[in-house]
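> Here you go, one structure.
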Amino acid sequence: MSELIEVFVNDRPLRVAAGTSVAAAVFVAGEHAFRTSVTGEPRAALCGMGICFECRVTIDDQNHARSCQIVVKPGMRIQTS
């Protein structure tokens, strides 16, 4: 069994397996909108390969991080918009 680590998605604690992508952690947290488009529409991960940029979130105060390309780290703070 994989080690569980704690991250925070929209300030809520969440325990996920080490090696989990940030995008997967956001989905596990029950969030379906990763960001909002310029016209106000909710957007979520689409390609899962870092090409579409739809999965952008804020990680540890770093804006526009492609969540499908980043692995969670203990204590990471993930904010969707």
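Labels used: A, B, ... for chains in the order of the structure tokens, numbers from 1 for residues in each chain, and numbers from 1 for ligands as shown.
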Which neighbours of A:Thr36 fall inside 9 Å, counting only C-alpha atoms, when residues of the same chain fewer than 5 positions from it are skipped, and could you give them as a PDB file with all heavy atoms, in the first residue's frame?

ATOM      1  N   GLU A  41     -17.035  30.537 -17.319  1.00  0.00           N
ATOM      2  CA  GLU A  41     -17.425  29.136 -17.354  1.00  0.00           C
ATOM      3  C   GLU A  41     -16.433  28.278 -16.583  1.00  0.00           C
ATOM      4  O   GLU A  41     -15.224  28.498 -16.647  1.00  0.00           O
ATOM      5  CB  GLU A  41     -17.484  28.648 -18.802  1.00  0.00           C
ATOM      6  CG  GLU A  41     -18.535  29.360 -19.616  1.00  0.00           C
ATOM      7  CD  GLU A  41     -18.474  28.988 -21.083  1.00  0.00           C
ATOM      8  OE1 GLU A  41     -17.536  28.273 -21.489  1.00  0.00           O
ATOM      9  OE2 GLU A  41     -19.368  29.421 -21.814  1.00  0.00           O
ATOM     10  N   PRO A  42     -16.920  27.276 -15.834  1.00  0.00           N
ATOM     11  CA  PRO A  42     -16.009  26.377 -15.109  1.00  0.00           C
ATOM     12  C   PRO A  42     -15.222  25.515 -16.087  1.00  0.00           C
ATOM     13  O   PRO A  42     -15.754  25.066 -17.097  1.00  0.00           O
ATOM     14  CB  PRO A  42     -16.948  25.534 -14.245  1.00  0.00           C
ATOM     15  CG  PRO A  42     -18.271  25.608 -14.916  1.00  0.00           C
ATOM     16  CD  PRO A  42     -18.315  26.926 -15.643  1.00  0.00           C
ATOM     17  N   ARG A  43     -13.961  25.288 -15.785  1.00  0.00           N
ATOM     18  CA  ARG A  43     -13.078  24.478 -16.627  1.00  0.00           C
ATOM     19  C   ARG A  43     -12.435  23.399 -15.765  1.00  0.00           C
ATOM     20  O   ARG A  43     -12.212  23.608 -14.577  1.00  0.00           O
ATOM     21  CB  ARG A  43     -11.982  25.341 -17.263  1.00  0.00           C
ATOM     22  CG  ARG A  43     -12.478  26.577 -17.993  1.00  0.00           C
ATOM     23  CD  ARG A  43     -13.422  26.268 -19.099  1.00  0.00           C
ATOM     24  NE  ARG A  43     -12.702  25.622 -20.187  1.00  0.00           N
ATOM     25  CZ  ARG A  43     -13.267  25.214 -21.295  1.00  0.00           C
ATOM     26  NH1 ARG A  43     -14.554  25.364 -21.478  1.00  0.00           N
ATOM     27  NH2 ARG A  43     -12.555  24.639 -22.227  1.00  0.00           N
ATOM     28  N   ALA A  44     -12.122  22.263 -16.361  1.00  0.00           N
ATOM     29  CA  ALA A  44     -11.492  21.156 -15.633  1.00  0.00           C
ATOM     30  C   ALA A  44     -10.458  20.489 -16.525  1.00  0.00           C
ATOM     31  O   ALA A  44     -10.360  20.790 -17.712  1.00  0.00           O
ATOM     32  CB  ALA A  44     -12.542  20.149 -15.191  1.00  0.00           C
ATOM     33  N   THR A  80      -8.313  25.990  -6.299  1.00  0.00           N
ATOM     34  CA  THR A  80      -8.990  26.088  -7.580  1.00  0.00           C
ATOM     35  C   THR A  80      -9.674  27.453  -7.600  1.00  0.00           C
ATOM     36  O   THR A  80      -9.786  28.112  -6.572  1.00  0.00           O
ATOM     37  CB  THR A  80     -10.026  24.966  -7.749  1.00  0.00           C
ATOM     38  OG1 THR A  80     -11.028  25.080  -6.743  1.00  0.00           O
ATOM     39  CG2 THR A  80      -9.364  23.591  -7.665  1.00  0.00           C
ATOM     40  N   SER A  81     -10.115  27.867  -8.775  1.00  0.00           N
ATOM     41  CA  SER A  81     -10.803  29.174  -8.815  1.00  0.00           C
ATOM     42  C   SER A  81     -12.182  29.044  -9.393  1.00  0.00           C
ATOM     43  O   SER A  81     -12.580  28.060  -9.881  1.00  0.00           O
ATOM     44  CB  SER A  81     -10.001  30.170  -9.615  1.00  0.00           C
ATOM     45  OG  SER A  81      -9.586  29.661 -10.856  1.00  0.00           O
TER      46      SER A  81
END
> Residues within 9 Å of A:Val26, please, as a list in words. Count only C-alpha atoms; anything in the same chain fewer than 4 positions from it doesn't count.
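In the requested format, the answer is Val9, Ser21, Val22, Gly30, Glu31, His32, Phe34, Ser67, Ile78 and Thr80 of chain A.
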> May I have all residues of stretch 12-68 of chain A that DSSP, computed from the backbone, assigns to alpha helix (DSSP H), given as an NGL selection string?
:A and (22-28)
> Given the selection you just returned, output its residues as a file containing N, CA and C atoms, formatted as a short mmCIF file (atom, residue, chain, number, x, y, z; two decimals), in the first residue's frame.

data_model
loop_
_atom_site.label_atom_id
_atom_site.label_comp_id
_atom_site.auth_asym_id
_atom_site.auth_seq_id
_atom_site.Cartn_x
_atom_site.Cartn_y
_atom_site.Cartn_z
N VAL A 22 -1.63 16.24 -8.86
CA VAL A 22 -2.47 17.27 -8.25
C VAL A 22 -3.87 17.22 -8.87
N ALA A 23 -3.97 17.00 -10.18
CA ALA A 23 -5.29 16.92 -10.84
C ALA A 23 -6.13 15.81 -10.22
N ALA A 24 -5.55 14.64 -9.98
CA ALA A 24 -6.28 13.54 -9.38
C ALA A 24 -6.71 13.90 -7.96
N ALA A 25 -5.85 14.57 -7.21
CA ALA A 25 -6.19 14.98 -5.85
C ALA A 25 -7.36 15.95 -5.85
N VAL A 26 -7.38 16.86 -6.81
CA VAL A 26 -8.50 17.81 -6.92
C VAL A 26 -9.80 17.06 -7.17
N PHE A 27 -9.77 16.09 -8.07
CA PHE A 27 -10.98 15.28 -8.33
C PHE A 27 -11.39 14.49 -7.09
N VAL A 28 -10.41 13.89 -6.39
CA VAL A 28 -10.72 13.12 -5.17
C VAL A 28 -11.35 14.03 -4.12
#
> Check chain A with DSSP on the backbone and list each residue it calls strand (DSSP E), as a list in words.
Leu4, Ile5, Glu6, Val7, Phe8, Val9, Arg12, Pro13, Leu14, Arg15, Val16, Ala17, Arg35, Thr36, Pro42, Arg43, Arg56, Val57, Thr58, Ile59, Gln62, Asn63, His64, Ala65, Arg66, Arg77, Ile78 and Gln79 of chain A
> Skipping near chain neighbours, those fewer than 4 positions away, what residues fall within 12 Å of A:Val7 using only C-alpha atoms, listed as an mmCIF file with N, CA, C and O atoms, in the first residue's frame?

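The result, written out as part-v4.cif:
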data_model
loop_
_atom_site.group_PDB
_atom_site.id
_atom_site.type_symbol
_atom_site.label_atom_id
_atom_site.label_comp_id
_atom_site.auth_asym_id
_atom_site.auth_seq_id
_atom_site.Cartn_x
_atom_site.Cartn_y
_atom_site.Cartn_z
ATOM 1 N N ASP A 11 -8.257 24.772 1.040
ATOM 2 C CA ASP A 11 -8.116 24.860 2.495
ATOM 3 C C ASP A 11 -8.694 23.675 3.267
ATOM 4 O O ASP A 11 -8.750 23.699 4.486
ATOM 5 N N ARG A 12 -9.127 22.642 2.570
ATOM 6 C CA ARG A 12 -9.633 21.437 3.239
ATOM 7 C C ARG A 12 -8.567 20.352 3.190
ATOM 8 O O ARG A 12 -8.003 20.074 2.124
ATOM 9 N N PRO A 13 -8.278 19.700 4.314
ATOM 10 C CA PRO A 13 -7.274 18.632 4.313
ATOM 11 C C PRO A 13 -7.750 17.421 3.520
ATOM 12 O O PRO A 13 -8.934 17.094 3.510
ATOM 13 N N LEU A 14 -6.800 16.785 2.853
ATOM 14 C CA LEU A 14 -7.096 15.599 2.057
ATOM 15 C C LEU A 14 -5.879 14.690 2.114
ATOM 16 O O LEU A 14 -4.751 15.144 1.962
ATOM 17 N N ARG A 15 -6.113 13.404 2.338
ATOM 18 C CA ARG A 15 -5.011 12.427 2.348
ATOM 19 C C ARG A 15 -5.099 11.624 1.051
ATOM 20 O O ARG A 15 -6.142 11.067 0.729
ATOM 21 N N VAL A 16 -3.983 11.620 0.333
ATOM 22 C CA VAL A 16 -3.904 10.890 -0.932
ATOM 23 C C VAL A 16 -2.615 10.082 -0.954
ATOM 24 O O VAL A 16 -1.687 10.361 -0.192
ATOM 25 N N ALA A 17 -2.556 9.108 -1.837
ATOM 26 C CA ALA A 17 -1.356 8.283 -1.970
ATOM 27 C C ALA A 17 -0.209 9.110 -2.531
ATOM 28 O O ALA A 17 -0.399 9.946 -3.411
ATOM 29 N N ALA A 18 0.977 8.858 -2.005
ATOM 30 C CA ALA A 18 2.179 9.480 -2.557
ATOM 31 C C ALA A 18 2.243 9.119 -4.035
ATOM 32 O O ALA A 18 1.903 8.002 -4.424
ATOM 33 N N THR A 20 0.453 10.682 -6.363
ATOM 34 C CA THR A 20 -0.788 11.134 -6.989
ATOM 35 C C THR A 20 -0.566 12.479 -7.667
ATOM 36 O O THR A 20 0.119 13.344 -7.122
ATOM 37 N N SER A 21 -1.149 12.682 -8.831
ATOM 38 C CA SER A 21 -1.052 13.993 -9.478
ATOM 39 C C SER A 21 -1.964 14.979 -8.745
ATOM 40 O O SER A 21 -2.944 14.590 -8.107
ATOM 41 N N VAL A 22 -1.632 16.237 -8.863
ATOM 42 C CA VAL A 22 -2.474 17.272 -8.255
ATOM 43 C C VAL A 22 -3.870 17.225 -8.870
ATOM 44 O O VAL A 22 -4.872 17.357 -8.158
ATOM 45 N N ALA A 25 -5.846 14.567 -7.209
ATOM 46 C CA ALA A 25 -6.190 14.979 -5.846
ATOM 47 C C ALA A 25 -7.363 15.952 -5.855
ATOM 48 O O ALA A 25 -8.253 15.868 -5.000
ATOM 49 N N VAL A 26 -7.383 16.856 -6.813
ATOM 50 C CA VAL A 26 -8.501 17.814 -6.919
ATOM 51 C C VAL A 26 -9.799 17.060 -7.170
ATOM 52 O O VAL A 26 -10.821 17.333 -6.532
ATOM 53 N N VAL A 28 -10.413 13.888 -6.389
ATOM 54 C CA VAL A 28 -10.716 13.120 -5.172
ATOM 55 C C VAL A 28 -11.354 14.033 -4.121
ATOM 56 O O VAL A 28 -12.232 13.610 -3.366
ATOM 57 N N ALA A 29 -10.955 15.290 -4.101
ATOM 58 C CA ALA A 29 -11.521 16.255 -3.147
ATOM 59 C C ALA A 29 -12.952 16.650 -3.509
ATOM 60 O O ALA A 29 -13.604 17.362 -2.756
ATOM 61 N N ILE A 59 -0.865 26.522 -6.773
ATOM 62 C CA ILE A 59 -0.218 25.600 -5.839
ATOM 63 C C ILE A 59 0.794 26.385 -5.021
ATOM 64 O O ILE A 59 1.715 26.987 -5.591
ATOM 65 N N ASP A 60 0.596 26.383 -3.705
ATOM 66 C CA ASP A 60 1.501 27.104 -2.800
ATOM 67 C C ASP A 60 1.757 28.523 -3.297
ATOM 68 O O ASP A 60 2.896 28.977 -3.412
ATOM 69 N N VAL A 71 3.142 16.287 -9.175
ATOM 70 C CA VAL A 71 2.853 15.271 -8.162
ATOM 71 C C VAL A 71 2.704 15.965 -6.806
ATOM 72 O O VAL A 71 3.455 16.893 -6.493
ATOM 73 N N VAL A 72 1.740 15.513 -6.020
ATOM 74 C CA VAL A 72 1.506 16.122 -4.707
ATOM 75 C C VAL A 72 2.720 15.941 -3.797
ATOM 76 O O VAL A 72 3.459 14.972 -3.920
ATOM 77 N N LYS A 73 2.886 16.893 -2.898
ATOM 78 C CA LYS A 73 3.924 16.839 -1.866
ATOM 79 C C LYS A 73 3.254 17.105 -0.527
ATOM 80 O O LYS A 73 2.247 17.813 -0.465
ATOM 81 N N PRO A 74 3.786 16.563 0.563
ATOM 82 C CA PRO A 74 3.170 16.773 1.869
ATOM 83 C C PRO A 74 2.994 18.264 2.176
ATOM 84 O O PRO A 74 3.904 19.070 1.961
ATOM 85 N N GLY A 75 1.794 18.606 2.634
ATOM 86 C CA GLY A 75 1.497 19.979 3.032
ATOM 87 C C GLY A 75 1.171 20.919 1.886
ATOM 88 O O GLY A 75 0.896 22.095 2.112
ATOM 89 N N MET A 76 1.185 20.430 0.655
ATOM 90 C CA MET A 76 0.914 21.267 -0.512
ATOM 91 C C MET A 76 -0.459 21.911 -0.382
ATOM 92 O O MET A 76 -1.423 21.271 0.041
ATOM 93 N N ARG A 77 -0.546 23.177 -0.775
ATOM 94 C CA ARG A 77 -1.799 23.910 -0.733
ATOM 95 C C ARG A 77 -2.250 24.180 -2.168
ATOM 96 O O ARG A 77 -1.574 24.872 -2.909
ATOM 97 N N ILE A 78 -3.395 23.617 -2.513
ATOM 98 C CA ILE A 78 -3.933 23.688 -3.874
ATOM 99 C C ILE A 78 -5.214 24.506 -3.837
ATOM 100 O O ILE A 78 -6.114 24.218 -3.052
ATOM 101 N N GLN A 79 -5.285 25.505 -4.705
ATOM 102 C CA GLN A 79 -6.477 26.348 -4.777
ATOM 103 C C GLN A 79 -7.028 26.290 -6.197
ATOM 104 O O GLN A 79 -6.306 26.496 -7.160
#
